[in-house]
Each structure stands twice: as C-alpha cells, then as structure tokens.
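Printed here is final_39.cif (mmCIF, C-alpha atoms):
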data_run
#
loop_
_atom_site.label_atom_id
_atom_site.label_comp_id
_atom_site.auth_asym_id
_atom_site.auth_seq_id
_atom_site.Cartn_x
_atom_site.Cartn_y
_atom_site.Cartn_z
CA MET A 14 103.92 78.55 109.81
CA LEU A 15 103.36 81.23 107.21
CA ASP A 16 100.74 83.78 108.09
CA GLY A 17 100.18 87.42 107.33
CA PRO A 18 101.80 89.00 110.38
CA SER A 19 104.89 86.79 110.29
CA VAL A 20 105.34 87.22 106.52
CA VAL A 21 104.97 90.99 106.77
CA ALA A 22 107.46 91.15 109.64
CA ALA A 23 109.93 89.10 107.60
CA LEU A 24 109.49 91.23 104.48
CA GLU A 25 109.98 94.39 106.49
CA ARG A 26 113.09 92.96 108.10
CA VAL A 27 114.76 92.29 104.74
CA GLY A 28 113.89 95.72 103.40
CA ILE A 29 111.12 95.00 100.92
CA THR A 30 109.45 98.26 99.87
CA HIS A 31 106.59 97.12 97.62
CA VAL A 32 104.42 94.01 97.35
CA VAL A 33 102.96 93.74 93.85
CA TRP A 34 100.24 91.17 93.79
CA ILE A 35 97.10 89.38 92.89
CA PRO A 36 96.25 87.08 95.78
CA ASP A 37 94.74 83.64 95.80
CA SER A 38 92.53 82.45 98.64
CA GLU A 39 95.54 81.48 100.78
CA LEU A 40 97.79 84.48 100.11
CA GLY A 41 94.71 86.66 100.39
CA THR A 42 94.59 86.01 104.13
CA TRP A 43 97.83 88.03 104.36
CA GLU A 44 96.17 91.18 103.02
CA PRO A 45 95.13 92.76 106.36
CA ALA A 46 98.69 92.49 107.63
CA LEU A 47 100.10 93.80 104.36
CA ARG A 48 97.70 96.72 104.42
CA ALA A 49 98.55 97.48 108.02
CA SER A 50 102.26 97.71 107.34
CA THR A 51 103.72 101.19 107.35
CA LYS A 52 106.87 100.01 105.57
CA LEU A 53 105.37 98.07 102.66
CA ALA A 54 103.34 99.55 99.82
CA LEU A 55 100.77 97.11 98.46
CA VAL A 56 100.21 97.45 94.71
CA HIS A 57 97.27 95.66 93.11
CA VAL A 58 97.47 94.79 89.43
CA CYS A 59 94.86 93.39 87.06
CA ARG A 60 96.85 90.44 85.67
CA GLU A 61 100.00 88.74 86.81
CA GLY A 62 102.14 89.70 83.82
CA GLU A 63 101.70 93.29 84.93
CA ALA A 64 103.05 92.39 88.35
CA PHE A 65 106.42 91.32 86.99
CA THR A 66 106.93 94.33 84.74
CA LEU A 67 105.69 96.77 87.37
CA ALA A 68 108.14 95.21 89.82
CA ALA A 69 110.85 95.58 87.18
CA GLY A 70 110.13 99.30 86.99
CA LEU A 71 110.26 99.60 90.75
CA HIS A 72 113.59 97.79 90.80
CA LEU A 73 115.03 99.99 88.04
CA GLY A 74 113.94 102.99 90.06
CA GLY A 75 115.78 101.84 93.16
CA LYS A 76 113.09 100.09 95.18
CA LYS A 77 112.95 96.53 96.51
CA PRO A 78 109.74 94.92 95.28
CA ILE A 79 108.45 91.40 95.68
CA VAL A 80 105.74 89.82 93.51
CA MET A 81 103.02 87.58 94.95
CA VAL A 82 100.72 85.67 92.61
CA GLN A 83 98.71 82.52 92.36
CA CYS A 84 99.90 79.57 90.28
CA THR A 85 97.36 80.19 87.54
CA GLY A 86 98.76 83.71 87.32
CA LEU A 87 102.26 82.31 87.03
CA PHE A 88 101.11 80.41 83.98
CA GLU A 89 99.64 83.57 82.48
CA ALA A 90 102.67 85.70 83.23
CA GLY A 91 105.19 83.67 81.26
CA ASP A 92 106.21 86.30 78.72
CA ALA A 93 106.61 89.05 81.30
CA LEU A 94 108.58 86.72 83.54
CA ARG A 95 110.82 85.70 80.65
CA ASN A 96 111.44 89.31 79.71
CA VAL A 97 112.15 90.60 83.21
CA VAL A 98 114.31 87.69 84.32
CA HIS A 99 116.08 86.63 81.13
CA ASP A 100 116.12 89.70 78.85
CA MET A 101 116.51 92.38 81.51
CA LYS A 102 118.26 90.06 83.96
CA LEU A 103 116.64 91.69 86.98
CA PRO A 104 116.71 89.82 90.31
CA ILE A 105 112.97 89.99 90.85
CA PHE A 106 111.86 87.65 93.62
CA PHE A 107 108.38 86.21 93.74
CA VAL A 108 105.97 84.11 95.75
CA VAL A 109 103.55 81.69 94.12
CA GLY A 110 100.63 80.05 95.85
CA VAL A 111 100.24 76.48 94.58
CA ARG A 112 96.57 75.67 94.77
CA SER A 113 95.60 72.09 95.73
CA TRP A 114 99.19 71.02 96.43
CA TYR A 115 98.30 69.01 99.55
CA LEU A 116 95.33 67.36 97.88
CA GLN A 117 97.46 66.46 94.89
CA GLN A 118 99.97 64.74 97.18
CA LYS A 119 97.14 62.52 98.37
CA GLY A 120 95.82 61.93 94.88
CA ALA A 121 92.62 63.60 95.96
CA THR A 122 92.19 66.33 93.36
CA ALA A 123 91.69 66.72 89.65
CA ASP A 124 93.16 70.23 89.80
CA THR A 125 95.98 70.41 87.26
CA CYS A 126 97.67 73.47 88.83
CA PRO A 127 99.96 71.54 91.18
CA ILE A 128 101.00 69.23 88.35
CA PHE A 129 102.38 72.06 86.26
CA SER A 130 103.66 74.62 88.78
CA GLU A 131 107.12 73.13 89.38
CA PRO A 132 107.70 72.10 85.75
CA ILE A 133 106.86 75.66 84.72
CA MET A 134 109.39 77.05 87.19
CA ASN A 135 112.00 74.69 85.81
CA ALA A 136 111.10 75.57 82.23
CA TRP A 137 111.64 79.26 82.95
CA GLN A 138 114.88 78.40 84.78
CA ILE A 139 113.80 80.02 88.02
CA PRO A 140 115.57 78.87 91.21
CA TYR A 141 112.87 78.15 93.78
CA ARG A 142 111.99 76.50 97.05
CA LEU A 143 108.75 74.84 97.98
CA LEU A 144 107.54 75.94 101.39
CA ASP A 145 104.92 73.87 103.20
CA SER A 146 103.38 74.00 106.65
CA SER A 147 106.68 73.03 108.25
CA HIS A 148 108.30 76.24 107.06
CA SER A 149 108.18 79.73 108.48
CA ALA A 150 108.35 83.29 107.22
CA ASP A 151 112.06 83.23 108.02
CA ASP A 152 112.48 80.61 105.29
CA LEU A 153 110.79 82.94 102.83
CA ALA A 154 113.00 85.82 103.93
CA ASN A 155 116.13 83.70 103.69
CA ALA A 156 115.24 82.59 100.17
CA TYR A 157 114.81 86.25 99.23
CA LEU A 158 118.14 87.24 100.76
CA GLU A 159 119.96 84.40 99.02
CA SER A 160 118.59 85.42 95.63
CA GLN A 161 119.50 89.05 96.17
CA HIS A 162 123.00 88.21 97.37
CA ALA A 163 123.42 86.12 94.23
CA GLY A 164 122.02 88.98 92.16
CA GLN A 165 119.52 86.70 90.50
CA THR A 166 115.85 85.96 90.45
CA GLY A 167 114.33 83.47 92.85
CA ALA A 168 110.99 82.33 94.13
CA VAL A 169 109.16 80.36 96.74
CA LEU A 170 106.18 78.17 96.01
CA ILE A 171 103.69 78.07 98.85
CA ALA A 172 102.00 74.67 99.23
CA GLU A 173 98.26 75.16 99.62
CA MET B 29 96.52 117.25 58.80
CA PRO B 30 97.25 113.73 60.11
CA MET B 31 100.52 113.29 61.91
CA THR B 32 103.27 110.76 61.59
CA GLN B 33 104.75 109.07 64.63
CA ARG B 34 107.91 111.07 64.13
CA GLN B 35 105.99 114.34 64.12
CA ALA B 36 104.15 113.28 67.26
CA LEU B 37 107.42 112.52 69.01
CA GLU B 38 109.01 115.77 67.80
CA VAL B 39 106.26 117.64 69.65
CA LEU B 40 106.96 115.59 72.77
CA LEU B 41 110.72 116.17 72.71
CA PRO B 42 110.94 119.72 74.13
CA LEU B 43 108.20 119.00 76.65
CA ARG B 44 109.63 115.87 78.29
CA GLY B 45 111.85 117.86 80.65
CA GLU B 46 113.77 115.60 83.02
CA ARG B 47 111.21 112.85 82.86
CA ILE B 48 112.03 109.26 82.01
CA VAL B 49 110.76 108.35 78.53
CA VAL B 50 109.95 104.67 77.93
CA THR B 51 109.38 103.83 74.27
CA THR B 52 107.99 100.63 72.80
CA MET B 53 107.85 99.09 69.32
CA SER B 54 107.91 101.68 66.49
CA SER B 55 108.51 104.64 68.78
CA ALA B 56 111.59 102.90 70.18
CA GLY B 57 113.12 103.12 66.71
CA ILE B 58 112.28 106.79 66.16
CA TRP B 59 112.94 108.31 69.59
CA PRO B 60 116.69 107.55 69.69
CA THR B 61 117.08 109.60 66.50
CA LEU B 62 115.64 112.56 68.39
CA SER B 63 117.08 112.08 71.88
CA GLN B 64 120.10 110.42 73.44
CA SER B 65 119.26 111.14 77.06
CA PRO B 66 120.21 108.51 79.63
CA LEU B 67 116.65 108.97 80.87
CA ASP B 68 115.43 107.36 77.64
CA PHE B 69 114.58 103.67 77.91
CA ALA B 70 113.85 101.75 74.72
CA TYR B 71 111.83 98.81 76.00
CA ILE B 72 113.28 96.30 73.55
CA PRO B 73 113.27 93.36 73.99
CA SER B 74 109.96 93.70 75.76
CA ALA B 75 107.06 91.79 77.15
CA MET B 76 104.49 93.03 74.66
CA GLY B 77 101.88 95.30 76.17
CA HIS B 78 103.73 95.88 79.41
CA GLY B 79 105.38 99.25 78.77
CA PRO B 80 102.84 101.10 80.95
CA SER B 81 103.41 98.67 83.83
CA LEU B 82 107.17 99.12 83.61
CA GLY B 83 106.63 102.88 83.52
CA LEU B 84 104.28 102.79 86.48
CA GLY B 85 106.87 100.95 88.53
CA LEU B 86 109.43 103.60 87.65
CA ALA B 87 106.97 106.37 88.47
CA LEU B 88 106.20 104.86 91.88
CA ALA B 89 109.91 104.50 92.57
CA GLN B 90 110.75 108.00 91.36
CA PRO B 91 107.66 110.04 92.23
CA GLU B 92 109.25 113.46 91.77
CA ARG B 93 110.68 112.77 88.34
CA GLY B 94 107.75 111.49 86.33
CA VAL B 95 107.60 108.98 83.50
CA ILE B 96 106.29 109.20 79.94
CA VAL B 97 105.46 105.89 78.25
CA VAL B 98 105.00 105.88 74.48
CA ASN B 99 102.93 102.82 73.70
CA GLY B 100 101.29 101.49 70.57
CA ASP B 101 97.59 100.77 70.25
CA GLY B 102 98.22 97.09 69.58
CA CYS B 103 100.43 96.94 72.68
CA GLN B 104 97.83 98.76 74.75
CA LEU B 105 95.17 96.24 73.78
CA MET B 106 97.43 93.39 74.87
CA SER B 107 97.26 94.59 78.45
CA LEU B 108 94.27 96.88 78.62
CA GLY B 109 93.92 96.19 82.34
CA ASN B 110 97.05 98.18 83.05
CA LEU B 111 94.94 101.33 82.61
CA ALA B 112 92.90 100.28 85.66
CA THR B 113 96.11 99.59 87.56
CA LEU B 114 97.32 103.05 86.56
CA ALA B 115 94.11 104.69 87.70
CA GLN B 116 94.48 103.54 91.31
CA GLN B 117 97.92 105.14 91.69
CA PRO B 118 98.51 108.87 92.15
CA ALA B 119 101.69 108.54 90.12
CA ASN B 120 103.27 110.95 87.68
CA ILE B 121 102.92 108.73 84.67
CA PHE B 122 101.84 109.85 81.22
CA VAL B 123 100.88 107.10 78.78
CA ILE B 124 100.80 108.17 75.15
CA VAL B 125 99.04 105.70 72.86
CA LEU B 126 100.25 106.09 69.29
CA ASP B 127 97.08 104.89 67.63
CA ASN B 128 97.63 103.84 64.01
CA GLY B 129 95.02 101.10 64.02
CA GLN B 130 97.37 98.29 63.16
CA TYR B 131 100.20 96.01 64.20
CA GLU B 132 102.78 98.07 62.40
CA VAL B 133 105.98 96.10 62.90
CA THR B 134 104.49 92.77 61.82
CA GLY B 135 103.40 94.07 58.46
CA GLY B 136 100.45 96.32 59.11
CA GLN B 137 97.75 93.84 59.99
CA PRO B 138 94.59 95.16 61.69
CA HIS B 139 94.10 94.24 65.33
CA ALA B 140 90.97 93.35 67.23
CA GLY B 141 90.18 96.97 68.01
CA THR B 142 91.06 98.65 64.74
CA GLY B 143 88.78 101.60 64.14
CA ARG B 144 86.64 100.96 67.20
CA VAL B 145 88.56 101.54 70.42
CA ASP B 146 88.58 104.96 72.05
CA TYR B 147 91.59 104.64 74.36
CA ALA B 148 90.92 107.89 76.19
CA ALA B 149 87.34 106.79 76.87
CA VAL B 150 88.51 103.39 78.09
CA ALA B 151 90.98 105.10 80.41
CA ARG B 152 88.26 107.39 81.76
CA ALA B 153 85.94 104.45 82.25
CA VAL B 154 88.47 102.67 84.47
CA GLY B 155 89.12 105.76 86.53
CA VAL B 156 91.92 107.76 84.89
CA ARG B 157 90.76 111.33 85.40
CA ARG B 158 93.01 113.13 82.94
CA THR B 159 92.69 111.86 79.38
CA TYR B 160 93.21 113.55 76.03
CA THR B 161 92.68 112.71 72.39
CA PHE B 162 94.47 114.49 69.57
CA THR B 163 93.55 113.60 66.03
CA ASN B 164 95.93 115.81 64.08
CA LEU B 165 99.29 117.50 64.34
CA ALA B 166 97.94 121.00 64.88
CA SER B 167 95.80 119.99 67.85
CA TRP B 168 98.66 117.99 69.40
CA GLN B 169 101.02 120.94 68.97
CA ALA B 170 98.45 123.21 70.62
CA GLY B 171 97.50 120.88 73.45
CA ALA B 172 100.60 118.86 74.27
CA ALA B 173 102.02 121.22 76.88
CA ASP B 174 98.78 121.22 78.85
CA ALA B 175 98.37 117.46 78.60
CA LEU B 176 101.93 116.85 79.77
CA LEU B 177 101.76 119.27 82.68
CA GLY B 178 100.27 118.61 86.08
CA PRO B 179 99.71 115.43 87.98
CA GLY B 180 99.38 111.93 86.58
CA PRO B 181 98.18 109.50 85.71
CA VAL B 182 97.39 110.83 82.26
CA VAL B 183 96.43 108.89 79.13
CA ILE B 184 96.84 110.57 75.74
CA ASP B 185 95.45 109.00 72.57
CA LEU B 186 97.26 110.27 69.49
CA LYS B 187 95.86 109.35 66.10
CA VAL B 188 98.85 108.80 63.84
CA GLU B 189 99.39 107.66 60.29
CA ALA B 190 99.83 103.98 59.61
CA LEU B 191 103.05 103.40 57.73
CA PRO B 192 103.68 100.43 55.44
CA ASN B 193 106.73 98.17 55.47
CA GLN B 194 107.90 98.88 59.00
CA LYS B 195 110.29 96.53 60.80
CA THR B 196 110.72 95.76 64.46
CA PRO B 197 113.25 98.35 65.59
CA LYS B 198 116.53 97.46 67.19
CA PRO B 199 117.34 99.01 70.57
CA PRO B 200 119.87 101.85 70.47
CA ARG B 201 122.11 99.91 72.83
CA PRO B 202 122.04 96.57 74.66
CA MET B 203 119.58 96.20 77.52
CA ALA B 204 122.29 95.97 80.18
CA GLU B 205 123.79 99.25 78.98
CA GLN B 206 120.39 100.91 78.90
CA ILE B 207 119.80 99.84 82.49
CA ARG B 208 123.22 101.10 83.59
CA ARG B 209 122.63 104.47 81.92
CA LEU B 210 119.15 104.87 83.36
CA GLN B 211 120.10 103.86 86.87
CA GLY B 212 123.16 106.09 86.69
CA ALA B 213 121.01 109.05 85.71
CA LEU B 214 118.64 108.22 88.57
CA SER B 215 121.55 107.78 91.00
CA VAL B 216 120.35 104.28 91.73
CA ALA B 217 123.14 101.84 92.61
#

How would this structure read if it were set down as structure tokens?
Amino acid sequence: MLDGPSVVAALERVGITHVVWIPDSELGTWEPALRASTKLALVHVCREGEAFTLAAGLHLGGKKPIVMVQCTGLFEAGDALRNVVHDMKLPIFFVVGVRSWYLQQKGATADTCPIFSEPIMNAWQIPYRLLDSSHSADDLANAYLESQHAGQTGAVLIAE
Amino acid sequence: MPMTQRQALEVLLPLRGERIVVTTMSSAGIWPTLSQSPLDFAYIPSAMGHGPSLGLGLALAQPERGVIVVNGDGCQLMSLGNLATLAQQPANIFVIVLDNGQYEVTGGQPHAGTGRVDYAAVARAVGVRRTYTFTNLASWQAGAADALLGPGPVVIDLKVEALPNQKTPKPPRPMAEQIRRLQGALSVA
C-alpha cells in the first residue's frame, strides 16, 4: 500500500532531497507526511512544466529531486519533460497519479485521463512502472534507484 | 536613451560576481560574447518560458551562490506563474526580464501582452517583494548595483529596444558540455 508515511520513509531512505509537486486528490493525502519530513523539502509550483525544469535546476545544483504530478499535469508538461529528459538528458524521476484508472478498468468512467496516460509516457520514451494497490512504497523506491543507477529518467504511474 | 539588450547585459557583467547566469533566447546569443565563465548557462535548447524555474532550482540547490536569470518578456508570459513560485521561496534568484514587447527571434511579432504588461507589478502582485523597473540605460546603470545586491527573489523589468531580423541564437557549446562545465564549477559530481 502506498500512503504518505510509507512513501516519505522510502524517499528519505533513497536520499531524495526535494519533492517538487502539484498534487491530485490521491497524492494530496501524502502532503502532511511530506510536510512533516525533516529530510525532504516540499516545493509547490503553479503548473507541472515548472516542476520538471525546477527539478532540473536542483539536479544541476547537486540535489536529488523527485517530481510528483497528476496525469493532467503530465499532459501539460510535455515540452518541459521533453527538454529536461531528451535535450538535457537529466535522470529526473517522477510520479504521476492516474485519475480514474480503476474505474476505467471496469469500463465505468468517461474520464479520458487513464486512456492517454500510458500512451503519453510511451510517446515521450519514458521508462515507467504502473503501481496499483498491490504495490508498496518500496516498489516506488526501487524504481527510483533503478533509474538512477541507469543514469536515466524513469517514472511510476500511481493507479487511482 | 533607450538601451539595447547588449548594453543591458554589459551593465550586468561586472555585477554578476560569482553567481550563475542563466540566459535564454536573444540574451543567450549575446552573453557568450561578453563572458565565458563556466558559471554561465545558455538555456538552449530550452523549454520556452522555463528559465526562471531552472534558475530557481539552481538557487535552491546552491543557496550561497545565487542565480541570475535573463529572460525575455515573451518567455516570461509563457510561464507567468513561475513568479508566484519564486515568491514563496527565500532564494537568491534575480530574474531580469528583457522587455522588448515582441517575440524577437521569430521575426518580431507582437505577443499577447505587448505594451500592456508591467512585469514588476505582476511580480509584486504575486508576492515578490523586491522588484525594479528600468526604462533607459542611464537609470539601469545607476540602479543595477542596488537591484542586484541583497536577498532574492528579485524581479527586474528592463525596457530594451526591439531589434529587427534577429535569429534564434545557437548555444556557445553543446548542452552536455555546458552541464559538465557548470557542475564542475559548482563542484557537483
């Protein structure tokens, strides 16, 4: 199970220094734990494209940021993501909340977000894993570590 | 007298100290003719409008050093929210908006805010406490040192001449080399 305290503990364990984010209603439940952390700095941005470039600056300056956004924000952030990952080739890791994923599996939603989230990740050539309720914060941390060991970007999609 | 972008940057040069200077669009073509410091970062290729966000990340990572971002007005409008993001952080970041009222490198077309947007006022309205506007070379020469001293965030609106027939500048060196130089100067592995 992914919840605020377990995610924060995992991020602290792998050495994350900054969480740059705009939450959705699911990721937003992690905020109290993120705020309570003495090892993570929480940075709020106004739009998701900012999150990727701000994280790029943190990385260039020697920090270990992670970006957390909602799937609609992923769609908005395309140019910043392209620039940071493919032009600058920075191993920025990010977390995307996929709204309505469970409902879409049941054919019980008209929300188009879950339809496009994975194709968008593939279009931008981002290695990713989909984490659902069977996964834990350790899976998120392991995905981060694998991307950093490979020196490349990576992401997890959180089924919501 | 109105100032050119080059004149504006010539005033900045002796005042930048050991700060990182991030340039975007037109300024990224001019600045390398004035400075070859490894602390210079020509943000080309860029995500348009995101120079201040990149600079803020650097400023948060390197709080003692400070960062100057030279942005264009068209770029600033593309991500106006980054001024609000800037305002919440007690970071040593100085955003200079070279305000020529046009998209210079695409042929000089007006943008949505041409002649109407007061960037210093916008910055103040979203919470940036230190803002400055300089409308000519003499006032920028007289006020630059004060504007570039002290704590950030700071937003500086410089009214500059619009030049015709400008091209998108090329970076002074490939991105990977720029990153290596910058991180070497910052002693970041």

(message) Can you tell me which residues surround Gly91 (chain A) at a distance of at most 12 Å, considering only C-alpha atoms, apart from same-chain residues fewer than 3 positions away, and format the answer as a PyMOL selection string?
(response) (chain A and resi 60-66+84-88+94-99+130+133-134+136-139) or (chain B and resi 75-76)

(request) Using the chain letters and numbers from the file, give me the residues hit by the PyMOL selection byres ((chain A) within 7 of (chain B)), as a PyMOL selection string. (result) chain A and resi 57-59+63+66-71+73-76+92-93+96+100-101

(request) Return the single residue from B:Val133, B:Ala149, B:Ala115, B:Leu40 that is closest to Met53 (chain B), with distances computed using all atoms listed in the file. (result)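 Closest to Met53 (chain B) of all the choices is B:Val133.
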
(message) One decimal, in Å: what's the spacing between CA of Gln165 (chain A) and CA of Val27 (chain A)?
(response)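 Taking CA of Gln165 (chain A) as the start and CA of Val27 (chain A) as the end point, the length is 16.0 Å.
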
(request) Quote the spacing between CA of Gly212 (chain B) and CA of Ser65 (chain B) in Å to one decimal place. (result)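 Result for CA of Gly212 (chain B) versus CA of Ser65 (chain B): 11.6 Å, one decimal.
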
(request) Provide the CA of Ile124 (chain B) to CA of Thr30 (chain A) distance in Å, to one decimal place. (result) 28.0 Å

Name the residues that the PyMOL selection byres ((chain B and resi 168-172) around 8) picks from the file above, as an mmCIF file with C-alpha atoms, in the coordinates of the input, using the file's chain letters and numbers.
data_model
loop_
_atom_site.group_PDB
_atom_site.id
_atom_site.type_symbol
_atom_site.label_atom_id
_atom_site.label_comp_id
_atom_site.auth_asym_id
_atom_site.auth_seq_id
_atom_site.Cartn_x
_atom_site.Cartn_y
_atom_site.Cartn_z
ATOM 1 C CA ALA B 36 104.150 113.280 67.260
ATOM 2 C CA VAL B 39 106.260 117.640 69.650
ATOM 3 C CA LEU B 40 106.960 115.590 72.770
ATOM 4 C CA LEU B 43 108.200 119.000 76.650
ATOM 5 C CA PHE B 162 94.470 114.490 69.570
ATOM 6 C CA THR B 163 93.550 113.600 66.030
ATOM 7 C CA ASN B 164 95.930 115.810 64.080
ATOM 8 C CA LEU B 165 99.290 117.500 64.340
ATOM 9 C CA ALA B 166 97.940 121.000 64.880
ATOM 10 C CA SER B 167 95.800 119.990 67.850
ATOM 11 C CA ALA B 173 102.020 121.220 76.880
ATOM 12 C CA ASP B 174 98.780 121.220 78.850
ATOM 13 C CA ALA B 175 98.370 117.460 78.600
ATOM 14 C CA LEU B 176 101.930 116.850 79.770
ATOM 15 C CA LEU B 186 97.260 110.270 69.490
#

(request) Select, from B:Val154, B:Ile96, B:Ala119, B:Ala70, the residue with the minimum atom-to-atom distance to Glu205 (chain B), counting all atoms listed in the file. (result) B:Ala70

Residues matched by the PyMOL selection byres ((chain B and resi 135-141) around 12), written as a CSV table (one decimal) with C-alpha atoms, keeping the file's coordinate frame:
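Output file part_30.csv follows:
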chain,number,residue,atom,x,y,z
B,54,SER,CA,107.9,101.7,66.5
B,100,GLY,CA,101.3,101.5,70.6
B,101,ASP,CA,97.6,100.8,70.2
B,102,GLY,CA,98.2,97.1,69.6
B,103,CYS,CA,100.4,96.9,72.7
B,104,GLN,CA,97.8,98.8,74.8
B,105,LEU,CA,95.2,96.2,73.8
B,106,MET,CA,97.4,93.4,74.9
B,108,LEU,CA,94.3,96.9,78.6
B,127,ASP,CA,97.1,104.9,67.6
B,128,ASN,CA,97.6,103.8,64.0
B,129,GLY,CA,95.0,101.1,64.0
B,130,GLN,CA,97.4,98.3,63.2
B,131,TYR,CA,100.2,96.0,64.2
B,132,GLU,CA,102.8,98.1,62.4
B,133,VAL,CA,106.0,96.1,62.9
B,134,THR,CA,104.5,92.8,61.8
B,142,THR,CA,91.1,98.6,64.7
B,143,GLY,CA,88.8,101.6,64.1
B,144,ARG,CA,86.6,101.0,67.2
B,145,VAL,CA,88.6,101.5,70.4
B,146,ASP,CA,88.6,105.0,72.0
B,147,TYR,CA,91.6,104.6,74.4
B,189,GLU,CA,99.4,107.7,60.3
B,190,ALA,CA,99.8,104.0,59.6
B,191,LEU,CA,103.0,103.4,57.7
B,192,PRO,CA,103.7,100.4,55.4
B,193,ASN,CA,106.7,98.2,55.5
B,194,GLN,CA,107.9,98.9,59.0
B,195,LYS,CA,110.3,96.5,60.8
B,196,THR,CA,110.7,95.8,64.5

(request) Considering all atoms listed in the file, state which residue in the set B:Thr161, B:Thr61, B:Gln33, B:Asn120 is at the smallest distance from Arg47 (chain B). (result) B:Asn120

Do a neighbour search on Ala156 (chain A) at 8 Å with all atoms listed in the file, toss out local chain neighbours closer than 5 positions, and write the hits as a PDB file with C-alpha atoms, keeping the file's coordinate frame.
ATOM      1  CA  ARG A 142     111.990  76.500  97.050  1.00  0.00           C
ATOM      2  CA  GLY A 167     114.330  83.470  92.850  1.00  0.00           C
ATOM      3  CA  ALA A 168     110.990  82.330  94.130  1.00  0.00           C
ATOM      4  CA  VAL A 169     109.160  80.360  96.740  1.00  0.00           C
TER       5      VAL A 169
END

(request) Select, from A:Val56, A:Ala22, A:Pro78, A:Glu39, the residue with the minimum atom-to-atom distance to Thr166 (chain A), counting all atoms listed in the file. (result)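 Result for the nearest residue to Thr166 (chain A): A:Pro78.
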
Could you add the missing atoms to region 138-145 of chain A, up to all heavy atoms, and return them as an mmCIF file, keeping the file's coordinate frame?
data_model
loop_
_atom_site.group_PDB
_atom_site.id
_atom_site.type_symbol
_atom_site.label_atom_id
_atom_site.label_comp_id
_atom_site.auth_asym_id
_atom_site.auth_seq_id
_atom_site.Cartn_x
_atom_site.Cartn_y
_atom_site.Cartn_z
ATOM 1 N N GLN A 138 113.557 78.364 84.137
ATOM 2 C CA GLN A 138 114.880 78.400 84.780
ATOM 3 C C GLN A 138 114.910 79.347 85.979
ATOM 4 O O GLN A 138 115.808 80.175 86.134
ATOM 5 C CB GLN A 138 115.962 78.772 83.751
ATOM 6 C CG GLN A 138 116.017 77.799 82.589
ATOM 7 C CD GLN A 138 116.977 78.215 81.500
ATOM 8 O OE1 GLN A 138 117.671 79.226 81.597
ATOM 9 N NE2 GLN A 138 117.034 77.425 80.439
ATOM 10 N N ILE A 139 113.902 79.195 86.823
ATOM 11 C CA ILE A 139 113.800 80.020 88.020
ATOM 12 C C ILE A 139 114.210 79.182 89.238
ATOM 13 O O ILE A 139 113.562 78.164 89.535
ATOM 14 C CB ILE A 139 112.349 80.506 88.251
ATOM 15 C CG1 ILE A 139 111.791 81.194 87.007
ATOM 16 C CG2 ILE A 139 112.280 81.407 89.479
ATOM 17 C CD1 ILE A 139 112.460 82.484 86.641
ATOM 18 N N PRO A 140 115.252 79.565 89.963
ATOM 19 C CA PRO A 140 115.570 78.870 91.210
ATOM 20 C C PRO A 140 114.428 79.086 92.219
ATOM 21 O O PRO A 140 113.966 80.211 92.391
ATOM 22 C CB PRO A 140 116.849 79.553 91.701
ATOM 23 C CG PRO A 140 117.366 80.340 90.551
ATOM 24 C CD PRO A 140 116.184 80.675 89.687
ATOM 25 N N TYR A 141 113.998 77.991 92.868
ATOM 26 C CA TYR A 141 112.870 78.150 93.780
ATOM 27 C C TYR A 141 112.960 77.150 94.925
ATOM 28 O O TYR A 141 113.691 76.159 94.851
ATOM 29 C CB TYR A 141 111.543 77.962 93.043
ATOM 30 C CG TYR A 141 111.264 76.539 92.633
ATOM 31 C CD1 TYR A 141 110.558 75.675 93.478
ATOM 32 C CD2 TYR A 141 111.729 76.047 91.412
ATOM 33 C CE1 TYR A 141 110.322 74.356 93.103
ATOM 34 C CE2 TYR A 141 111.495 74.736 91.051
ATOM 35 C CZ TYR A 141 110.794 73.896 91.888
ATOM 36 O OH TYR A 141 110.577 72.592 91.531
ATOM 37 N N ARG A 142 112.189 77.441 95.960
ATOM 38 C CA ARG A 142 111.990 76.500 97.050
ATOM 39 C C ARG A 142 110.506 76.313 97.253
ATOM 40 O O ARG A 142 109.740 77.272 97.095
ATOM 41 C CB ARG A 142 112.563 77.042 98.360
ATOM 42 C CG ARG A 142 114.059 77.087 98.410
ATOM 43 C CD ARG A 142 114.485 77.517 99.789
ATOM 44 N NE ARG A 142 115.869 77.889 99.807
ATOM 45 C CZ ARG A 142 116.455 78.499 100.828
ATOM 46 N NH1 ARG A 142 115.750 78.807 101.903
ATOM 47 N NH2 ARG A 142 117.716 78.798 100.778
ATOM 48 N N LEU A 143 110.146 75.108 97.627
ATOM 49 C CA LEU A 143 108.750 74.840 97.980
ATOM 50 C C LEU A 143 108.624 74.931 99.498
ATOM 51 O O LEU A 143 109.349 74.242 100.227
ATOM 52 C CB LEU A 143 108.349 73.445 97.498
ATOM 53 C CG LEU A 143 106.922 73.017 97.842
ATOM 54 C CD1 LEU A 143 105.903 73.820 97.050
ATOM 55 C CD2 LEU A 143 106.735 71.526 97.565
ATOM 56 N N LEU A 144 107.757 75.791 99.959
ATOM 57 C CA LEU A 144 107.540 75.940 101.390
ATOM 58 C C LEU A 144 106.179 75.350 101.751
ATOM 59 O O LEU A 144 105.170 75.707 101.150
ATOM 60 C CB LEU A 144 107.562 77.428 101.792
ATOM 61 C CG LEU A 144 108.820 78.231 101.447
ATOM 62 C CD1 LEU A 144 108.725 79.641 102.052
ATOM 63 C CD2 LEU A 144 110.090 77.535 101.919
ATOM 64 N N ASP A 145 106.194 74.445 102.747
ATOM 65 C CA ASP A 145 104.920 73.870 103.200
ATOM 66 C C ASP A 145 104.677 74.288 104.647
ATOM 67 O O ASP A 145 105.325 75.215 105.155
ATOM 68 C CB ASP A 145 104.913 72.350 103.013
ATOM 69 C CG ASP A 145 106.014 71.656 103.808
ATOM 70 O OD1 ASP A 145 106.503 72.236 104.802
ATOM 71 O OD2 ASP A 145 106.392 70.537 103.423
#
